Amino acid sequence: MNIGPHVLANNLFAAPMAGVTDRPFRRLCKAGGAGYAVSEMVTSRRDLWDTLKTSRRANHDGEVAPIAVQIAGTDAQMMAEAAAYNIDRGAQIIDINMGCPAKKVCNKWAGSALMQDEPLALAIAEAVVAACAPRGVPVTLKMRTGWADSHKNAVVLARAFESAGVQMLTVHGRTREQGYKGRAEYDTIAAVKAAVSVPVVANGDIHTPEKARDVLAYTRADAVMVGRAAQGRPWIFREMAHFLATGTHLAPPLVAEVKRLLLDHLLDHYELYGAFSGVRTARKHIGWYVRPLPGGEAFRGRMNLLEDCEAQWQAVADFFDELGARMDRMPAVVAGMVQVAAGDDDRQDKKEGELA
């Protein structure tokens, strides 16, 4: 599969998630088998570009190509300038955010709120394409099925975006009104795929290899995008790739392997965020890994009290050493549920969906 001149390793993508898909997490997903990973959204507001938050989001040091950056905003010219700003900092693909349902985004008429104003949505797409095309940078766009169940306009907008020069469309199978509640629907995604010739990516509730297979078959989409199911389980992409290729399941990863990748992830995370912020922002990542594991909730409670990177890193190492003494492999995931060892009642649902 291609996006412009970029050949992707496969059709399994990591979704942009605010506060999650930073450079260390994107690198982890790609190492875990994702063919493509999109950054968390970068604001189009020039006055925020020099902030520490935005500078971290625009950091692509050591990232495997292609580097895709999602931008968000409400003004066509500002969005075009944001695209150029990110290209200057290494972006090779620009993704337009018209899918985020968060109130703090939609209240400013950005994200999925733009789907209510079709002329403005199209003007933004045209301006961003005009800024990117001379530099050979393809533009993609992520949206929802519509603003509300009574106003699903993804197909109409998809045709307009394709005409504007957008080279790939991702559709989350929920409306803005739904947020992340209820179940994603795939009929609208299938209709978008039938209406355009550019690649279409299906997103929403794709949390197992079987679901990836079924959604690809039902929608005829070119790829699937995985969000929250990759949190604490970045190897989900290689599991999906193996299942799609063979129809069989990979064995869960070894506990020792997960220990190594999580500890490496933490070091990368600390390097990006520094000691003070790093130890705090790493807590959610550690929590996602350990939550479904035997003793995970108790460990998370203790770990969240640690305020030192070295102590946090060592605590994680010790937890997985103790776990490895009890089991060789991580628990298997069946139908979206983490199945723990027989007799252990620490069973948790995996969250679904994505944030942007």
# chains A, B, ... in the order shown; residues from 1 in each chain; ligands from 1
$ residues_around --residues "Gly146 (chain A)" --least-positions-apart "5" --cutoff "9 Å" --atoms "only C-alpha atoms" --output "number ranges by chain"
A: 112, 115-116, 151-154, 174-177
$ write_last_selection --atoms "N, CA and C atoms" --output "compact mmCIF listing (two decimals), in the first residue's frame"
# COMPACT_ATOMS: atom_id res chain seq x y z
N SER A 112 -13.91 16.94 14.59
CA SER A 112 -15.11 16.46 13.90
C SER A 112 -16.19 17.54 13.78
N MET A 115 -17.14 18.84 10.33
CA MET A 115 -18.04 18.14 9.43
C MET A 115 -19.41 18.81 9.35
N GLN A 116 -19.70 19.71 10.29
CA GLN A 116 -20.96 20.47 10.22
C GLN A 116 -20.89 21.60 9.20
N HIS A 151 -27.22 13.11 10.62
CA HIS A 151 -26.45 13.90 9.66
C HIS A 151 -25.11 13.21 9.38
N LYS A 152 -25.19 12.09 8.67
CA LYS A 152 -23.99 11.36 8.28
C LYS A 152 -23.61 11.79 6.86
N ASN A 153 -22.60 12.61 6.77
CA ASN A 153 -22.20 13.18 5.48
C ASN A 153 -20.79 12.77 5.06
N ALA A 154 -20.30 11.66 5.60
CA ALA A 154 -18.94 11.24 5.28
C ALA A 154 -18.76 10.97 3.79
N ARG A 174 -18.05 6.01 13.94
CA ARG A 174 -18.98 6.63 14.89
C ARG A 174 -19.19 8.08 14.48
N THR A 175 -20.30 8.66 14.96
CA THR A 175 -20.53 10.08 14.78
C THR A 175 -19.86 10.84 15.92
N ARG A 176 -19.75 12.16 15.74
CA ARG A 176 -19.25 13.00 16.83
C ARG A 176 -20.17 12.89 18.05
N GLU A 177 -21.46 12.80 17.82
CA GLU A 177 -22.44 12.71 18.89
C GLU A 177 -22.20 11.48 19.77
$ closest_atom_pairs --of "region 86-167 of chain A" --to "region 59-73 of chain A" --cutoff "6 Å" --atoms "only C-alpha atoms" --output "JSON lines"
{"residue": "A:Ala91", "atom": "CA", "partner": "A:Ile67", "partner_atom": "CA", "distance": 5.2}
{"residue": "A:Gln92", "atom": "CA", "partner": "A:Ile67", "partner_atom": "CA", "distance": 5.2}
{"residue": "A:Ile93", "atom": "CA", "partner": "A:Ala68", "partner_atom": "CA", "distance": 4.5}
{"residue": "A:Ile94", "atom": "CA", "partner": "A:Val69", "partner_atom": "CA", "distance": 5.2}
{"residue": "A:Asp95", "atom": "CA", "partner": "A:Gln70", "partner_atom": "CA", "distance": 4.3}
{"residue": "A:Ile96", "atom": "CA", "partner": "A:Ile71", "partner_atom": "CA", "distance": 5.3}
{"residue": "A:Asn97", "atom": "CA", "partner": "A:Ala72", "partner_atom": "CA", "distance": 5.2}
{"residue": "A:Ala110", "atom": "CA", "partner": "A:Gly73", "partner_atom": "CA", "distance": 5.2}
$ closest_atom_pairs --of "region 137-180 of chain A" --to "region 225-231 of chain A" --cutoff "12 Å" --atoms "only C-alpha atoms" --output "tab-separated table"
residue	atom	partner	partner_atom	distance
A:Lys142	CA	A:Met225	CA	10.6
A:Leu169	CA	A:Met225	CA	11.2
A:Thr170	CA	A:Met225	CA	8.0
A:Val171	CA	A:Met225	CA	9.2
A:His172	CA	A:Met225	CA	8.8
A:Gly173	CA	A:Met225	CA	11.2
A:Tyr180	CA	A:Arg228	CA	10.9
$ closest_residue --among "A:Gly33, A:Arg45, A:Pro24, A:Val7" --to "Gly278 (chain A)" --atoms "only C-alpha atoms"
A:Pro24
$ closest_residue --among "A:Asn304, A:Arg23, A:Gln167, A:Val215" --to "Glu271 (chain A)" --atoms "only C-alpha atoms"
A:Arg23
$ residues_around --residues "Trp313 (chain A)" --least-positions-apart "6" --cutoff "9 Å" --atoms "only C-alpha atoms" --output "count of residues only"
4
$ closest_residue --among "A:Val128, A:Ala325, A:Val38, A:Ala31" --to "Ala18 (chain A)" --atoms "only C-alpha atoms"
A:Val38
$ select_by_dssp --residues "region 204-307 of chain A" --states "helix (DSSP H, G or I)" --output "JSON, numbers by chain"
{"A": [209, 210, 211, 212, 213, 214, 215, 216, 217, 218, 219, 228, 229, 230, 236, 237, 238, 239, 240, 241, 242, 243, 244, 245, 246, 255, 256, 257, 258, 259, 260, 261, 262, 263, 264, 265, 266, 267, 268, 269, 270, 271, 272, 273, 274, 275, 276, 277, 278, 279, 280, 281, 282, 283, 284, 285, 286, 287, 288, 289, 290, 296, 297, 298, 299, 300, 301, 302, 303]}
$ write_last_selection --atoms "C-alpha atoms" --output "CSV table (one decimal), in the first residue's frame"
chain,number,residue,atom,x,y,z
A,209,PRO,CA,-7.1,-10.1,14.6
A,210,GLU,CA,-10.5,-11.6,13.8
A,211,LYS,CA,-12.1,-8.1,13.9
A,212,ALA,CA,-9.4,-6.7,11.6
A,213,ARG,CA,-10.2,-9.5,9.1
A,214,ASP,CA,-13.9,-9.0,9.3
A,215,VAL,CA,-13.8,-5.3,8.9
A,216,LEU,CA,-11.5,-5.4,6.0
A,217,ALA,CA,-13.8,-8.0,4.3
A,218,TYR,CA,-17.0,-6.1,5.1
A,219,THR,CA,-16.0,-2.6,4.1
A,228,ARG,CA,-6.8,2.0,22.2
A,229,ALA,CA,-6.3,-1.7,21.7
A,230,ALA,CA,-2.6,-1.0,21.1
A,236,ILE,CA,-1.1,-6.4,18.4
A,237,PHE,CA,-0.1,-5.4,14.9
A,238,ARG,CA,2.2,-8.3,14.3
A,239,GLU,CA,-0.6,-10.6,15.7
A,240,MET,CA,-3.0,-9.1,13.2
A,241,ALA,CA,-0.5,-9.4,10.3
A,242,HIS,CA,0.2,-13.0,11.1
A,243,PHE,CA,-3.5,-13.9,11.4
A,244,LEU,CA,-4.4,-12.1,8.1
A,245,ALA,CA,-1.6,-13.9,6.3
A,246,THR,CA,-2.1,-17.4,7.8
A,255,VAL,CA,7.1,-12.1,29.5
A,256,ALA,CA,10.8,-11.5,29.1
A,257,GLU,CA,10.3,-9.9,25.7
A,258,VAL,CA,7.6,-7.5,27.0
A,259,LYS,CA,9.8,-6.6,29.9
A,260,ARG,CA,12.6,-5.6,27.5
A,261,LEU,CA,10.4,-3.6,25.2
A,262,LEU,CA,8.6,-1.8,28.1
A,263,LEU,CA,11.9,-0.9,29.8
A,264,ASP,CA,13.3,0.4,26.5
A,265,HIS,CA,10.1,2.4,25.9
A,266,LEU,CA,10.5,4.0,29.4
A,267,LEU,CA,14.1,5.0,28.7
A,268,ASP,CA,13.0,6.6,25.4
A,269,HIS,CA,10.1,8.2,27.1
A,270,TYR,CA,12.2,9.7,29.9
A,271,GLU,CA,14.6,11.1,27.3
A,272,LEU,CA,11.9,12.9,25.5
A,273,TYR,CA,10.0,14.3,28.5
A,274,GLY,CA,12.8,14.7,31.1
A,275,ALA,CA,12.8,13.3,34.6
A,276,PHE,CA,10.0,15.3,36.2
A,277,SER,CA,7.4,14.9,33.4
A,278,GLY,CA,8.7,11.6,32.2
A,279,VAL,CA,8.0,9.7,35.4
A,280,ARG,CA,4.5,11.0,35.6
A,281,THR,CA,3.5,10.7,31.9
A,282,ALA,CA,4.9,7.1,31.9
A,283,ARG,CA,2.4,6.0,34.5
A,284,LYS,CA,-0.4,5.6,32.1
A,285,HIS,CA,1.7,3.5,29.7
A,286,ILE,CA,2.8,1.2,32.5
A,287,GLY,CA,-0.7,0.9,33.7
A,288,TRP,CA,-2.0,-0.3,30.4
A,289,TYR,CA,0.6,-3.1,30.3
A,290,VAL,CA,0.0,-4.3,33.9
A,296,GLY,CA,-1.3,-5.7,38.1
A,297,GLU,CA,-3.7,-3.4,39.8
A,298,ALA,CA,-1.9,-3.6,43.1
A,299,PHE,CA,1.4,-2.9,41.4
A,300,ARG,CA,-0.1,0.1,39.5
A,301,GLY,CA,-1.2,1.6,42.8
A,302,ARG,CA,2.3,1.3,44.3
A,303,MET,CA,4.0,2.4,41.1
$ select_by_dssp --residues "region 149-280 of chain A" --states "strand (DSSP E or B)" --output "ChimeraX atom specification"
/A:151,168-172,200-203,223-226,254
$ write_last_selection --atoms "N, CA and C atoms" --output "PDB file, in the first residue's frame"
ATOM      1  N   HIS A 151     -27.218  13.107  10.619  1.00  0.00           N
ATOM      2  CA  HIS A 151     -26.445  13.904   9.662  1.00  0.00           C
ATOM      3  C   HIS A 151     -25.113  13.213   9.377  1.00  0.00           C
ATOM      4  N   MET A 168      -5.602   9.959   0.949  1.00  0.00           N
ATOM      5  CA  MET A 168      -6.086   8.821   1.731  1.00  0.00           C
ATOM      6  C   MET A 168      -7.086   9.331   2.754  1.00  0.00           C
ATOM      7  N   LEU A 169      -8.133   8.552   3.007  1.00  0.00           N
ATOM      8  CA  LEU A 169      -9.177   8.932   3.954  1.00  0.00           C
ATOM      9  C   LEU A 169      -9.337   7.852   5.009  1.00  0.00           C
ATOM     10  N   THR A 170      -9.336   8.259   6.265  1.00  0.00           N
ATOM     11  CA  THR A 170      -9.621   7.355   7.372  1.00  0.00           C
ATOM     12  C   THR A 170     -10.973   7.727   7.954  1.00  0.00           C
ATOM     13  N   VAL A 171     -11.820   6.723   8.168  1.00  0.00           N
ATOM     14  CA  VAL A 171     -13.162   6.968   8.700  1.00  0.00           C
ATOM     15  C   VAL A 171     -13.348   6.159   9.976  1.00  0.00           C
ATOM     16  N   HIS A 172     -13.613   6.872  11.074  1.00  0.00           N
ATOM     17  CA  HIS A 172     -13.996   6.215  12.329  1.00  0.00           C
ATOM     18  C   HIS A 172     -15.494   5.960  12.260  1.00  0.00           C
ATOM     19  N   VAL A 200      -8.916   3.958   1.478  1.00  0.00           N
ATOM     20  CA  VAL A 200      -9.791   4.233   2.616  1.00  0.00           C
ATOM     21  C   VAL A 200      -9.386   3.322   3.768  1.00  0.00           C
ATOM     22  N   VAL A 201      -9.300   3.904   4.959  1.00  0.00           N
ATOM     23  CA  VAL A 201      -8.883   3.181   6.156  1.00  0.00           C
ATOM     24  C   VAL A 201     -10.058   3.106   7.123  1.00  0.00           C
ATOM     25  N   ALA A 202     -10.352   1.911   7.602  1.00  0.00           N
ATOM     26  CA  ALA A 202     -11.445   1.700   8.553  1.00  0.00           C
ATOM     27  C   ALA A 202     -10.914   1.771   9.974  1.00  0.00           C
ATOM     28  N   ASN A 203     -11.676   2.443  10.838  1.00  0.00           N
ATOM     29  CA  ASN A 203     -11.246   2.673  12.219  1.00  0.00           C
ATOM     30  C   ASN A 203     -12.440   2.545  13.151  1.00  0.00           C
ATOM     31  N   ALA A 223      -7.152  -0.600   4.486  1.00  0.00           N
ATOM     32  CA  ALA A 223      -6.372  -0.786   5.708  1.00  0.00           C
ATOM     33  C   ALA A 223      -7.290  -0.614   6.912  1.00  0.00           C
ATOM     34  N   VAL A 224      -6.791  -1.020   8.075  1.00  0.00           N
ATOM     35  CA  VAL A 224      -7.491  -0.771   9.331  1.00  0.00           C
ATOM     36  C   VAL A 224      -6.568   0.030  10.237  1.00  0.00           C
ATOM     37  N   MET A 225      -7.178   0.832  11.098  1.00  0.00           N
ATOM     38  CA  MET A 225      -6.432   1.651  12.048  1.00  0.00           C
ATOM     39  C   MET A 225      -6.830   1.244  13.464  1.00  0.00           C
ATOM     40  N   VAL A 226      -5.833   0.985  14.293  1.00  0.00           N
ATOM     41  CA  VAL A 226      -6.035   0.498  15.660  1.00  0.00           C
ATOM     42  C   VAL A 226      -5.638   1.593  16.637  1.00  0.00           C
ATOM     43  N   LEU A 254       6.601 -13.520  24.920  1.00  0.00           N
ATOM     44  CA  LEU A 254       7.222 -13.941  26.164  1.00  0.00           C
ATOM     45  C   LEU A 254       7.213 -12.783  27.165  1.00  0.00           C
TER      46      LEU A 254
END
$ residues_around --residues "Pro119 (chain A)" --least-positions-apart "5" --cutoff "12 Å" --atoms "only C-alpha atoms" --output "PyMOL selection string"
chain A and resi 74-76+114+124-126+156-157+160-161+164
